[in-house]
Amino acid sequence: MANAIFLLFICMFIFSVGDILGVATKARLSSVFVALMLFLVGFLTGLIPTDIIKQGMLSEVARWSAPFIIFHMGTMINIRELAHEWRTVLMSCIAMAVAALSIFLVVPLIGMQAAIVGIPIINGGIVATQLMTEAAMAKGFTLAAALGAIVYAIQKFVGTPPASFFGLKEAEVLLKEYREKNTSGSSSDGGKDIKRAGASLYASLGLDKYYTPFTCLGVTAFFAWLSFYLQGISKDMGMSVSYSIWALLLGAVAGHIGIVPEKILDKGKSSGFFSMVVFAAIIPSLATIKVSDLQTLLFQTVVIFVAVLIGTFVFMYYLPLWKIVGSRNISVGIAMAQMLGFPATYLIANEIATAVTNDEGERAFILKKIMPAYVVAGFASVTSISIIIAGIFVDFLK
């Protein structure tokens, strides 16, 4: 037990170093990137065991924590504003197409098999990675399969700095507008906030005092279970809607009609803990990387990511496609979400808001503007669309 607690301390220490550097540099050095890099170096050098998350007793908690924090995020969404999120989904789809086009353009340099394996993985997460690497191995394309594993393992390193940098630029713009409106006597949200249909219904019924930390956790656990139950039902019906989408929708509906508090895990005094354990869930993938793999596949990996980044900046920042979401910075952030997914998008949005202000009102305003775009884009690409793309691209491996 003493060894397990020590390894748990090491994990939390690395997370805290990332946070400290992220805040100290005002998110110019992403805390997510720092923590991931420290774990990767530790794995490659043997300074920390490759199964540190399991030995540190975080694996099981990480497995069931995701729907908790996704439901929590859902309670922050004003469902009457969801109509605006179609722009985020559309922009995410365009960004995925841009990434695919960019990789196809460098086929002469990396080969067709590498491109076919790499595209769904750049677009998505672990499920797309599993589908493509297994298919590549079955067809005898072992180098392409190895490339897929490496691309997945390091794509967060590539996507995190731009997502953090452009998110920070957007946050600074939003903060300036927020302060100008307050100085001129406007309300904190510019007087244009759309009210929830049943805002604080639970409070108006005198139930606020019953939403203790344990009650908040209990309510969240119920909806977490319900999201998995609905995933099973949808799968039986041939739709296979992920639990993450259900959890987000349930949180949005429950928060909108006012039967649960907004930011329910904040009220339950546990959002920080859940942020930490969902972060821990993405660490084990780094342990699969070996120095020899990086050396062998370095060229292909660099070419893929350079192509995607150049294509993204050309199409999403310089060309007028950004007008779909109204911001060049947010447009690039949405494009990077396909390489990040949940929980990285959630964590980056939080660190951006924390880095630019210490005022809770200002922080909440920035989160309200940035987090939906980052999180919804991650769900649209990583959770859903990339799996469909992988299912199609599997048949292209010949």
# chains A, B, ... in the order shown; residues from 1 in each chain; ligands from 1
call {"tool": "residues_around", "arguments": {"residues": "A:Ala62", "least_positions_apart": "2", "cutoff": "6 Å", "atoms": "only C-alpha atoms", "output": "MDAnalysis selection string"}}
result
chainID A and resid 58:60 64:65 277:278 281
call {"tool": "residues_around", "arguments": {"residues": "stretch 167-176 of chain A", "least_positions_apart": "5", "cutoff": "10 Å", "atoms": "only C-alpha atoms", "output": "ChimeraX atom specification"}}
result
/A:26-28,161-162,181,327-334,348-349,351-353,355-357,362-363,365-367,369-371,374
call {"tool": "closest_atom_pairs", "arguments": {"of": "stretch 115-185 of chain A", "to": "stretch 94-111 of chain A", "cutoff": "7 Å", "atoms": "only C-alpha atoms", "output": "CSV"}}
result
residue,atom,partner,partner_atom,distance
A:Ala115,CA,A:Ile103,CA,6.1
A:Ile119,CA,A:Ala100,CA,5.5
A:Asn123,CA,A:Met96,CA,5.8
call {"tool": "write_last_selection", "arguments": {"atoms": "C-alpha atoms", "output": "PDB file, in the first residue's frame"}}
result
ATOM      1  CA  ALA A 115      -2.009   7.985 -45.047  1.00  0.00           C
ATOM      2  CA  ILE A 119      -6.247  10.007 -41.268  1.00  0.00           C
ATOM      3  CA  ASN A 123      -9.465  12.738 -36.773  1.00  0.00           C
TER       4      ASN A 123
END
call {"tool": "residues_around", "arguments": {"residues": "stretch 48-54 of chain A", "least_positions_apart": "5", "cutoff": "12 Å", "atoms": "only C-alpha atoms", "output": "JSON, numbers by chain"}}
result
{"A": [3, 4, 5, 6, 7, 8, 9, 10, 11, 12, 14, 38, 39, 40, 41, 42, 43, 59, 60, 61, 62, 63, 276, 277, 278, 279, 280, 281, 282, 283, 284, 285, 286, 287, 288, 289, 290]}
call {"tool": "closest_residue", "arguments": {"among": "A:Ile387, A:Ser381, A:Ser227, A:Ser164", "to": "A:Val23", "atoms": "only C-alpha atoms"}}
result
A:Ser164
call {"tool": "decode", "arguments": {"residues": "stretch 178-318 of chain A", "atoms": "C-alpha atoms", "output": "mmCIF file, in the first residue's frame"}}
result
data_model
loop_
_atom_site.group_PDB
_atom_site.id
_atom_site.type_symbol
_atom_site.label_atom_id
_atom_site.label_comp_id
_atom_site.auth_asym_id
_atom_site.auth_seq_id
_atom_site.Cartn_x
_atom_site.Cartn_y
_atom_site.Cartn_z
ATOM 1 C CA TYR A 178 -16.235 41.815 -20.736
ATOM 2 C CA ARG A 179 -14.409 44.498 -18.777
ATOM 3 C CA GLU A 180 -15.380 47.244 -21.197
ATOM 4 C CA LYS A 181 -19.051 46.298 -20.891
ATOM 5 C CA ASN A 182 -18.848 46.272 -17.112
ATOM 6 C CA THR A 183 -17.083 49.641 -17.079
ATOM 7 C CA SER A 184 -19.805 51.125 -19.253
ATOM 8 C CA GLY A 185 -22.478 49.787 -16.912
ATOM 9 C CA SER A 186 -23.537 46.786 -18.957
ATOM 10 C CA SER A 187 -24.296 43.450 -17.335
ATOM 11 C CA SER A 188 -21.542 40.850 -17.131
ATOM 12 C CA ASP A 189 -22.851 39.024 -20.202
ATOM 13 C CA GLY A 190 -23.681 42.128 -22.128
ATOM 14 C CA GLY A 191 -27.386 41.825 -21.284
ATOM 15 C CA LYS A 192 -27.822 39.245 -24.020
ATOM 16 C CA ASP A 193 -27.760 36.036 -22.021
ATOM 17 C CA ILE A 194 -30.547 33.599 -22.853
ATOM 18 C CA LYS A 195 -32.254 32.399 -19.704
ATOM 19 C CA ARG A 196 -32.838 28.753 -18.994
ATOM 20 C CA ALA A 197 -36.461 27.639 -19.117
ATOM 21 C CA GLY A 198 -36.427 26.319 -15.552
ATOM 22 C CA ALA A 199 -33.411 28.101 -14.136
ATOM 23 C CA SER A 200 -32.871 27.108 -10.502
ATOM 24 C CA LEU A 201 -36.177 25.249 -10.330
ATOM 25 C CA TYR A 202 -34.715 23.086 -7.590
ATOM 26 C CA ALA A 203 -33.908 26.231 -5.584
ATOM 27 C CA SER A 204 -37.371 27.758 -6.072
ATOM 28 C CA LEU A 205 -38.850 24.546 -4.666
ATOM 29 C CA GLY A 206 -36.679 24.870 -1.574
ATOM 30 C CA LEU A 207 -34.448 21.916 -2.524
ATOM 31 C CA ASP A 208 -31.156 23.792 -2.635
ATOM 32 C CA LYS A 209 -30.225 22.834 0.921
ATOM 33 C CA TYR A 210 -30.592 19.144 0.021
ATOM 34 C CA TYR A 211 -27.958 19.348 -2.719
ATOM 35 C CA THR A 212 -25.099 18.474 -0.405
ATOM 36 C CA PRO A 213 -21.799 17.115 -1.804
ATOM 37 C CA PHE A 214 -23.017 13.524 -1.388
ATOM 38 C CA THR A 215 -26.364 14.324 -3.016
ATOM 39 C CA CYS A 216 -24.641 15.995 -5.963
ATOM 40 C CA LEU A 217 -22.408 12.944 -6.403
ATOM 41 C CA GLY A 218 -25.380 10.609 -6.087
ATOM 42 C CA VAL A 219 -27.406 12.497 -8.682
ATOM 43 C CA THR A 220 -24.433 12.613 -11.042
ATOM 44 C CA ALA A 221 -23.812 8.885 -10.563
ATOM 45 C CA PHE A 222 -27.429 8.165 -11.507
ATOM 46 C CA PHE A 223 -27.150 10.101 -14.749
ATOM 47 C CA ALA A 224 -23.759 8.506 -15.456
ATOM 48 C CA TRP A 225 -25.409 5.082 -15.188
ATOM 49 C CA LEU A 226 -28.336 6.267 -17.309
ATOM 50 C CA SER A 227 -25.960 7.423 -20.056
ATOM 51 C CA PHE A 228 -24.451 3.924 -20.305
ATOM 52 C CA TYR A 229 -27.923 2.373 -20.211
ATOM 53 C CA LEU A 230 -29.062 4.580 -23.093
ATOM 54 C CA GLN A 231 -25.892 3.724 -25.005
ATOM 55 C CA GLY A 232 -26.833 0.050 -24.735
ATOM 56 C CA ILE A 233 -30.379 0.709 -25.914
ATOM 57 C CA SER A 234 -29.187 2.798 -28.857
ATOM 58 C CA LYS A 235 -26.742 0.053 -29.811
ATOM 59 C CA ASP A 236 -29.536 -2.523 -29.786
ATOM 60 C CA MET A 237 -31.489 -0.214 -32.074
ATOM 61 C CA GLY A 238 -28.549 -0.013 -34.478
ATOM 62 C CA MET A 239 -27.642 3.622 -33.713
ATOM 63 C CA SER A 240 -24.799 3.105 -31.207
ATOM 64 C CA VAL A 241 -24.826 6.582 -29.645
ATOM 65 C CA SER A 242 -21.888 6.911 -27.243
ATOM 66 C CA TYR A 243 -22.452 7.292 -23.496
ATOM 67 C CA SER A 244 -20.497 10.558 -23.650
ATOM 68 C CA ILE A 245 -23.088 12.126 -25.943
ATOM 69 C CA TRP A 246 -25.914 10.871 -23.744
ATOM 70 C CA ALA A 247 -24.223 12.212 -20.601
ATOM 71 C CA LEU A 248 -23.745 15.623 -22.191
ATOM 72 C CA LEU A 249 -27.347 15.752 -23.402
ATOM 73 C CA LEU A 250 -28.724 14.587 -20.056
ATOM 74 C CA GLY A 251 -26.690 17.221 -18.252
ATOM 75 C CA ALA A 252 -27.858 19.929 -20.640
ATOM 76 C CA VAL A 253 -31.527 18.958 -20.254
ATOM 77 C CA ALA A 254 -31.376 18.518 -16.476
ATOM 78 C CA GLY A 255 -29.573 21.831 -16.053
ATOM 79 C CA HIS A 256 -31.874 23.601 -18.489
ATOM 80 C CA ILE A 257 -35.106 22.632 -16.755
ATOM 81 C CA GLY A 258 -33.506 23.386 -13.393
ATOM 82 C CA ILE A 259 -33.753 20.022 -11.611
ATOM 83 C CA VAL A 260 -30.016 19.966 -10.868
ATOM 84 C CA PRO A 261 -27.569 22.770 -10.060
ATOM 85 C CA GLU A 262 -25.477 24.296 -12.786
ATOM 86 C CA LYS A 263 -21.887 22.996 -12.487
ATOM 87 C CA ILE A 264 -23.115 20.223 -10.235
ATOM 88 C CA LEU A 265 -19.650 18.864 -9.387
ATOM 89 C CA ASP A 266 -18.530 22.341 -8.340
ATOM 90 C CA LYS A 267 -21.440 22.438 -5.919
ATOM 91 C CA GLY A 268 -20.473 18.909 -4.893
ATOM 92 C CA LYS A 269 -16.923 20.159 -4.219
ATOM 93 C CA SER A 270 -15.427 17.432 -6.391
ATOM 94 C CA SER A 271 -14.823 18.832 -9.891
ATOM 95 C CA GLY A 272 -11.090 19.167 -9.278
ATOM 96 C CA PHE A 273 -10.765 15.523 -8.291
ATOM 97 C CA PHE A 274 -12.677 14.324 -11.345
ATOM 98 C CA SER A 275 -10.603 16.552 -13.635
ATOM 99 C CA MET A 276 -7.490 14.867 -12.273
ATOM 100 C CA VAL A 277 -8.687 11.285 -12.702
ATOM 101 C CA VAL A 278 -9.999 11.762 -16.235
ATOM 102 C CA PHE A 279 -6.609 13.210 -17.098
ATOM 103 C CA ALA A 280 -5.035 10.073 -15.634
ATOM 104 C CA ALA A 281 -7.063 7.959 -18.065
ATOM 105 C CA ILE A 282 -5.068 9.187 -21.065
ATOM 106 C CA ILE A 283 -1.609 8.565 -19.562
ATOM 107 C CA PRO A 284 -1.279 4.776 -20.162
ATOM 108 C CA SER A 285 -1.272 5.251 -23.951
ATOM 109 C CA LEU A 286 2.087 7.018 -23.635
ATOM 110 C CA ALA A 287 3.689 3.932 -22.126
ATOM 111 C CA THR A 288 3.488 2.089 -25.468
ATOM 112 C CA ILE A 289 6.067 4.339 -27.144
ATOM 113 C CA LYS A 290 9.666 3.102 -27.510
ATOM 114 C CA VAL A 291 12.691 5.111 -28.603
ATOM 115 C CA SER A 292 13.297 2.748 -31.502
ATOM 116 C CA ASP A 293 9.757 3.345 -32.768
ATOM 117 C CA LEU A 294 10.212 7.092 -32.659
ATOM 118 C CA GLN A 295 13.487 6.859 -34.560
ATOM 119 C CA THR A 296 12.098 4.517 -37.213
ATOM 120 C CA LEU A 297 8.908 6.444 -37.887
ATOM 121 C CA LEU A 298 10.042 9.988 -37.116
ATOM 122 C CA PHE A 299 10.009 11.134 -40.723
ATOM 123 C CA GLN A 300 6.471 9.948 -41.481
ATOM 124 C CA THR A 301 5.165 11.338 -38.211
ATOM 125 C CA VAL A 302 6.694 14.762 -38.737
ATOM 126 C CA VAL A 303 5.427 14.955 -42.321
ATOM 127 C CA ILE A 304 1.870 14.050 -41.258
ATOM 128 C CA PHE A 305 1.672 16.601 -38.475
ATOM 129 C CA VAL A 306 3.348 19.381 -40.444
ATOM 130 C CA ALA A 307 0.920 18.795 -43.301
ATOM 131 C CA VAL A 308 -2.094 18.869 -40.971
ATOM 132 C CA LEU A 309 -0.934 22.009 -39.162
ATOM 133 C CA ILE A 310 -0.197 23.878 -42.392
ATOM 134 C CA GLY A 311 -3.508 22.815 -43.908
ATOM 135 C CA THR A 312 -5.357 23.837 -40.743
ATOM 136 C CA PHE A 313 -3.832 27.305 -40.574
ATOM 137 C CA VAL A 314 -4.351 27.952 -44.281
ATOM 138 C CA PHE A 315 -7.979 26.843 -44.362
ATOM 139 C CA MET A 316 -9.173 27.639 -40.826
ATOM 140 C CA TYR A 317 -7.285 30.863 -40.057
ATOM 141 C CA TYR A 318 -6.392 32.637 -43.284
#
